[in-house]
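Down below is the structure, laid out as structure tokens.
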Amino acid sequence: MTTRRNVLIGAASLAAGAGLVSVSPARATPASMDAAIKKVVGSAPLRKGKVTLSLPPLVENGNTVSLEVSVESPMTPENHVKAIHIFNEKNPLPNVISARLGPRAGQGKLSTRMRLADSQRVIAVAELSDGSFWSDEVDVIVTIAACLEDPG
Amino acid sequence: MARTLINVPKTAKKGEIIAIKTLISHEMETGFRHDNMGKAIPRDIISLFVCTYNGQEIFRAELHPAIAANPFIAFSTVATASGTLEFKWTGDNGFSATEQATITVE
Amino acid sequence: MTTVERRLVTVVAMICAAASTMHSALAADIPLEERKSGYEFMGRDTRAMQDDDTANPGMLSVLDGETAWQRKAGSAAKSCADCHGDASASMKGVAARYPAFDAARGRPVSLEQRVNICRAEQQQAPALAPESKELLTLSAYVGRQSRGMPIAVTIDERTRPFLEAGRATFFRRQGQLNFACTQCHDDNWKEKLAGSPITQAHPTGYPLYRLEWQGMGSLQRRLRNCITGMRVENYPFGAPELIDLELYLMWRARGMPLETPAVRP
């Protein structure tokens with residue numbers, strides 16, 4: 001099931017920290033994200049379903065965004081999640097994390113924290129043992145922090 | 001060695017799915033920041049995290065600069081036997097950190 | 001000025017203009033029962049990050065502090081533990097009552113300053129730099145021993161003048177925007193500034209892990225951030241204005257439980 005949720009996010013800058021500024025770097029584009037996904041999925045179809053990508057409804061700061069991926073799967077040797085990959089659209093690079101699971105995982109679940117540079121889509125792709133690929137995506141809105149730190 | 005914080009239950013029943021939480025101190029410098037003089041700060045990240053259970057690999061993750069500082073990774077595994085879980089992080093500039101946890105499975 | 005800074009100045013100027021139409025007498029203090037920690041303004045996931053000791057990035061600093069507590073330092077080759085023993089006993093309640101009066105200096109000092117006083121006088125070790133990792137780990141570790149305890153700085157005839165000085169700073173219009181802390185944090189804490197909630201500014205969890213910093217920082221660091229945001233010429237670390245302000249803020253938060261190490265956006 002396709003899920004598109006608009007979520008509110010506070011503070012985007014990747015350049016937190018005294019004395020450091022972010023000069024607009026080369027960015028991933030929807031095209032480069034698609035290319036990165038294609039590298040993983042190949043010619044197989046990418047289907048919507050089985051995967052739930054959870055990003056918090058209100059995230060205060062783009063520097064650290066909690067996320068959880070959950071994949072419906074019995075996690076048996078015959079039928080399990082082989083890998084979970086996360087991609088994004090507008091950070092400088094399209095890849096976020098690629099995790100290898102397997103039947104010993106017991107559950108098709110992964111939690112981590114990522115950085116979000118701007119309002120963008122985040123996509124989770126699950127690779128199953130039968131060679132099929134399933135995905136979920138979330139559309140995220142990012143705003144900017146209220147007070148900026150000066151160097152020194 | 002970098003500071004780590006691991007959460008693994010001390011005991012579990014055989015066949016039970018246990019949740020594992022890991023946290024490690026690391027700046028995850030993206031390589032996209034610049035200092036005041038406009039000079040690029042080189043990338044310095046943890047790029048690989050591997051977990052083994054009594055020597056067998058049960059989880060592996062490749063990390064990219066989009067993973068937030070002080071990487072937090074939580075996953076699960078099935079408690080099969082008593083023994084040791086070993087966690088290893090490696091990354092740029094020869095970074096390496098290892099941590100262990102023991103579990104009693106009845 | 002970056003676009004963001006320009007935007008901030010515009011928003012702040014708007015609030016300033018609105019606020020200055022109000023009477024210029026001292027704004028009312030927040031009634032004690034209406035006080036809320038910054039924790040209550042955060043989203044569910046950031047709160048979850050703080051609540052779980054096994055997932056709170058601030059705990060990495062606390063663990064480092066536990067190690068530092070045992071480390072011998074200085075020409076006296078003494079560790080904190082050599083004098084103070086088990087921190088969970090000896091440091092219980094300590095962070096909750098800082099800043100505290102230092103008789104030799106005739107004024108209150110912050111917890112970080114107290115650590116450096118000990119280093120100089122007891123360990124004969126050089127002071128740890130402000131906001132240095134090691135200093136923060138020690139204050140995080142000491143702070144952790146007071147977690148859950150009510151903030152309780154001592155106000156008596158010795159500390160009262162410094163409390164009043166801190167309060168005066170909190171209420172004083174300063175800087176390019178002619179703006180006072182109280183205008184946001186007493187009068188407008190139910191509102192938002194550039195999309196982020198304005199909190200009541202209670203220092204209930206310092207030192208804390210701030211997502212914006214992607215690391216640990218002290219109350220002074222946070223105050224200096226705010227002061228920069230207000231376009232006020234900043235005070236150096238350790239400045240009496242900052243310590244007095246810390247004392248006032250901790251008094252203002254009296255009775256609220258300490259959350260160290262907190263997580264904030």
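FYI, nothing fancy with the structure tokens labels: chains A, B, ... in order, residues from 1 per chain, ligands from 1 as they appear.
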Mind checking which residues fall within 7 Å of Val109 (chain C), counting only C-alpha atoms, ignoring those fewer than 2 positions away in the same chain, and posting them as an MDAnalysis selection string?
chainID C and resid 99:102 107 111 113:114 243
Would you write out those residues with C-alpha atoms, as a compact mmCIF listing (two decimals), in the first residue's frame?
```txt
# COMPACT_ATOMS: atom_id res chain seq x y z
CA PRO C 99 25.73 27.23 40.42
CA ALA C 100 26.83 27.33 44.05
CA PHE C 101 28.66 29.91 46.15
CA ASP C 102 32.42 29.56 46.30
CA ARG C 107 30.74 34.47 44.05
CA LEU C 111 29.58 22.98 37.98
CA GLN C 113 34.05 25.81 36.97
CA ARG C 114 33.91 23.72 40.15
CA ILE C 243 27.13 32.42 35.53
```
With a cut-off of 7 Å, could you pull out the residues of chain C touching chain B and give me the nearest pair of atoms for each, distance in Å to one decimal, using only C-alpha atoms, ordered by chain and ascending number, as JSON lines?
```
{"residue": "C:Thr54", "atom": "CA", "partner": "B:Asn7", "partner_atom": "CA", "distance": 6.1}
{"residue": "C:Ala55", "atom": "CA", "partner": "B:Leu23", "partner_atom": "CA", "distance": 6.6}
{"residue": "C:Pro57", "atom": "CA", "partner": "B:Asn70", "partner_atom": "CA", "distance": 6.8}
{"residue": "C:Leu60", "atom": "CA", "partner": "B:Arg3", "partner_atom": "CA", "distance": 6.2}
{"residue": "C:Gln214", "atom": "CA", "partner": "B:Ala69", "partner_atom": "CA", "distance": 6.2}
```
At most 6 Å is the cut-off: for each residue in chain B with any atom that close to an atom of chain A, write down the nearest atom pair and the distance in Å rounded to one decimal, counting only C-alpha atoms, chain first then increasing number, as JSON lines.
```
{"residue": "B:Ile17", "atom": "CA", "partner": "A:Gly106", "partner_atom": "CA", "distance": 5.7}
{"residue": "B:Arg33", "atom": "CA", "partner": "A:Ser22", "partner_atom": "CA", "distance": 5.1}
{"residue": "B:His34", "atom": "CA", "partner": "A:Val21", "partner_atom": "CA", "distance": 5.7}
{"residue": "B:Asp35", "atom": "CA", "partner": "A:Leu20", "partner_atom": "CA", "distance": 4.7}
{"residue": "B:Asn36", "atom": "CA", "partner": "A:Gly19", "partner_atom": "CA", "distance": 5.7}
{"residue": "B:Phe59", "atom": "CA", "partner": "A:Leu101", "partner_atom": "CA", "distance": 5.6}
{"residue": "B:Arg60", "atom": "CA", "partner": "A:Arg100", "partner_atom": "CA", "distance": 5.2}
{"residue": "B:Ala61", "atom": "CA", "partner": "A:Ala99", "partner_atom": "CA", "distance": 4.1}
{"residue": "B:Glu62", "atom": "CA", "partner": "A:Ser98", "partner_atom": "CA", "distance": 5.1}
{"residue": "B:Leu63", "atom": "CA", "partner": "A:Ile97", "partner_atom": "CA", "distance": 4.8}
{"residue": "B:His64", "atom": "CA", "partner": "A:Val96", "partner_atom": "CA", "distance": 5.2}
{"residue": "B:Ala66", "atom": "CA", "partner": "A:Arg115", "partner_atom": "CA", "distance": 5.1}
{"residue": "B:Ile67", "atom": "CA", "partner": "A:Met114", "partner_atom": "CA", "distance": 4.3}
{"residue": "B:Ala68", "atom": "CA", "partner": "A:Met114", "partner_atom": "CA", "distance": 4.6}
{"residue": "B:Phe72", "atom": "CA", "partner": "A:Thr112", "partner_atom": "CA", "distance": 5.3}
{"residue": "B:Ile73", "atom": "CA", "partner": "A:Thr112", "partner_atom": "CA", "distance": 4.7}
{"residue": "B:Ala74", "atom": "CA", "partner": "A:Ser111", "partner_atom": "CA", "distance": 4.9}
{"residue": "B:Phe75", "atom": "CA", "partner": "A:Leu110", "partner_atom": "CA", "distance": 5.1}
{"residue": "B:Ser76", "atom": "CA", "partner": "A:Ala105", "partner_atom": "CA", "distance": 5.3}
{"residue": "B:Thr77", "atom": "CA", "partner": "A:Ala105", "partner_atom": "CA", "distance": 4.0}
{"residue": "B:Val78", "atom": "CA", "partner": "A:Gly106", "partner_atom": "CA", "distance": 5.4}
```
Looking only at the backbone, which of the residues in region 14-127 of chain A does DSSP tag as alpha helix (DSSP H), as a list in words?
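Selection result, alpha helix (DSSP H) within region 14-127 of chain A: Pro30, Ala31, Ser32, Met33, Asp34, Ala35, Ala36, Ile37, Lys38, Lys39, Val40 and Val41 of chain A.
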I need the residues from that last selection saved to file as a CSV table (one decimal), in the first residue's frame (with C-alpha atoms), if you can.
```
chain,number,residue,atom,x,y,z
A,30,PRO,CA,15.3,12.2,-8.0
A,31,ALA,CA,17.2,10.8,-11.0
A,32,SER,CA,20.3,9.9,-9.1
A,33,MET,CA,18.1,8.3,-6.4
A,34,ASP,CA,16.4,6.3,-9.0
A,35,ALA,CA,19.8,5.2,-10.4
A,36,ALA,CA,20.9,4.2,-6.9
A,37,ILE,CA,17.7,2.2,-6.4
A,38,LYS,CA,18.1,0.6,-9.8
A,39,LYS,CA,21.6,-0.5,-8.9
A,40,VAL,CA,20.1,-2.6,-6.1
A,41,VAL,CA,16.9,-3.7,-7.8
```
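Among C:Gly85, C:Gly58, C:Gly229, C:Pro236, the residue with the shortest atom-to-atom distance to chain A, counting only C-alpha atoms, is C:Gly229.
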Any idea what's packed within 10 Å of Trp251 (chain C), counting only C-alpha atoms, ignoring anything in its chain fewer than 6 positions away? Could you give it as a PyMOL selection string?
chain C and resi 97-99+151-155+163+167+202-203+245
Selected residues written out with N, CA and C atoms, as a JSON list (two decimals), in the first residue's frame:
```
[["chain", "number", "residue", "atom", "x", "y", "z"],
["C", 97, "ARG", "N", 22.22, 21.57, 42.68],
["C", 97, "ARG", "CA", 22.35, 22.81, 43.45],
["C", 97, "ARG", "C", 23.42, 23.75, 42.89],
["C", 98, "TYR", "N", 23.83, 23.50, 41.64],
["C", 98, "TYR", "CA", 24.78, 24.42, 41.02],
["C", 98, "TYR", "C", 24.07, 25.34, 40.04],
["C", 99, "PRO", "N", 24.53, 26.60, 39.84],
["C", 99, "PRO", "CA", 25.73, 27.23, 40.42],
["C", 99, "PRO", "C", 25.64, 27.40, 41.95],
["C", 151, "ILE", "N", 15.64, 20.55, 41.17],
["C", 151, "ILE", "CA", 16.64, 21.62, 41.09],
["C", 151, "ILE", "C", 16.51, 22.47, 42.35],
["C", 152, "ALA", "N", 17.64, 22.73, 43.01],
["C", 152, "ALA", "CA", 17.57, 23.41, 44.32],
["C", 152, "ALA", "C", 18.82, 24.24, 44.57],
["C", 153, "VAL", "N", 18.97, 25.34, 43.83],
["C", 153, "VAL", "CA", 20.11, 26.22, 44.13],
["C", 153, "VAL", "C", 19.84, 26.98, 45.42],
["C", 154, "THR", "N", 20.89, 27.27, 46.17],
["C", 154, "THR", "CA", 20.76, 27.96, 47.45],
["C", 154, "THR", "C", 20.76, 29.47, 47.24],
["C", 155, "ILE", "N", 19.69, 30.10, 47.68],
["C", 155, "ILE", "CA", 19.64, 31.57, 47.63],
["C", 155, "ILE", "C", 19.65, 32.08, 49.07],
["C", 163, "LEU", "N", 21.88, 36.46, 42.05],
["C", 163, "LEU", "CA", 20.58, 36.10, 41.50],
["C", 163, "LEU", "C", 19.92, 37.32, 40.88],
["C", 167, "ARG", "N", 18.85, 37.92, 37.07],
["C", 167, "ARG", "CA", 17.48, 38.29, 36.70],
["C", 167, "ARG", "C", 17.49, 39.56, 35.87],
["C", 202, "HIS", "N", 13.93, 26.52, 30.73],
["C", 202, "HIS", "CA", 14.39, 25.98, 32.02],
["C", 202, "HIS", "C", 15.54, 25.03, 31.75],
["C", 203, "PRO", "N", 16.67, 25.23, 32.46],
["C", 203, "PRO", "CA", 17.85, 24.37, 32.20],
["C", 203, "PRO", "C", 17.74, 23.05, 32.94],
["C", 245, "LEU", "N", 23.41, 34.48, 35.15],
["C", 245, "LEU", "CA", 22.21, 34.11, 34.40],
["C", 245, "LEU", "C", 21.88, 32.63, 34.65]]
```
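Rounded to one decimal, CA of Asp29 (chain C) and CA of Thr182 (chain C) lie 8.6 Å from each other.
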Would you please work out which residue, of C:Leu247, C:Gln183, C:Tyr206, C:Gly217, is nearest to Ala28 (chain C) when using only C-alpha atoms?
C:Gln183
Find the residues in chain C near chain A: any atom within 6 Å counts, using only C-alpha atoms. Write them as a PDB file with C-alpha atoms, in the first residue's frame.
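Once written, part-v4.pdb looks like this:
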```pdb
ATOM      1  CA  GLY C  43       8.129  15.476  19.647  1.00  0.00           C
ATOM      2  CA  ALA C 194      10.708  30.147  12.630  1.00  0.00           C
ATOM      3  CA  GLU C 212      21.541  20.833  16.357  1.00  0.00           C
ATOM      4  CA  TRP C 213      25.065  20.390  17.748  1.00  0.00           C
ATOM      5  CA  ASN C 225      23.689  30.481  20.986  1.00  0.00           C
ATOM      6  CA  GLY C 229      20.435  34.773  17.868  1.00  0.00           C
ATOM      7  CA  PRO C 265      16.362  19.456  19.183  1.00  0.00           C
TER       8      PRO C 265
END
```
Within region 22-135 of chain A, find each residue whose DSSP state, derived from the backbone, is strand (DSSP E or B), and express the selection as JSON, numbers by chain.
{"A": [46, 47, 48, 51, 52, 53, 54, 58, 59, 65, 66, 67, 68, 69, 70, 71, 81, 82, 83, 84, 85, 86, 87, 88, 95, 96, 97, 98, 99, 100, 108, 109, 110, 111, 112, 113, 114, 120, 121, 122, 123, 124, 125, 126, 127, 128, 133, 134, 135]}
When you look at region 173-177 of chain C with a cut-off of 7 Å (counting only C-alpha atoms), what residues show up, excluding the ones that are within fewer than 5 positions of it in the same chain? I need them as a ChimeraX atom specification.
/C:13,230-233
Write the selection just made, keeping C-alpha atoms, as a short mmCIF file (atom, residue, chain, number, x, y, z; two decimals), in the first residue's frame?
```cif
data_model
loop_
_atom_site.label_atom_id
_atom_site.label_comp_id
_atom_site.auth_asym_id
_atom_site.auth_seq_id
_atom_site.Cartn_x
_atom_site.Cartn_y
_atom_site.Cartn_z
CA ALA C 13 12.04 41.96 14.84
CA MET C 230 19.34 37.92 19.67
CA ARG C 231 22.16 39.85 17.92
CA VAL C 232 23.81 40.72 21.20
CA GLU C 233 27.57 40.95 21.53
#
```
I want to know what sits within 7 Å of region 68-78 of chain C, based on only C-alpha atoms, with residues of the same chain fewer than 3 positions away left out; could you give that as a PyMOL selection string?
chain C and resi 64-65+81-82+123-125+138
Writing out the chosen residues with C-alpha atoms as a compact mmCIF listing (two decimals), in the first residue's frame:
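Written out: out.txt:
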```
# COMPACT_ATOMS: atom_id res chain seq x y z
CA ASP C 64 33.11 8.54 29.24
CA GLY C 65 32.70 10.61 32.40
CA ALA C 81 37.39 8.92 42.86
CA ASP C 82 40.40 9.18 45.18
CA GLN C 123 44.88 17.40 41.46
CA GLN C 124 47.38 20.08 40.44
CA ALA C 125 46.22 19.50 36.90
CA LEU C 138 32.70 14.88 33.84
```
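Restricting the calculation to only C-alpha atoms, the smallest distance between Thr52 (chain A) and any of A:Val69, A:Ile123, A:Met75, A:Val140 is found for A:Val69.
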Calculate how many Å separate CA of Leu242 (chain C) from CA of Ala168 (chain C), rounding to one decimal.
11.8 Å
Please list as a PDB file with C-alpha atoms, in the first residue's frame every residue within 7 Å of region 92-97 of chain B, counting only C-alpha atoms and excluding residues in the same chain fewer than 5 positions away.
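In the end it all went to selection-v4.pdb:
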```
ATOM      1  CA  MET B   1      38.498   3.042  21.415  1.00  0.00           C
ATOM      2  CA  ALA B   2      35.304   4.922  20.643  1.00  0.00           C
ATOM      3  CA  ASP B  44      35.301  10.535   8.077  1.00  0.00           C
ATOM      4  CA  ILE B  45      32.546   8.045   8.700  1.00  0.00           C
ATOM      5  CA  ILE B  46      31.864   4.570   9.974  1.00  0.00           C
TER       6      ILE B  46
END
```
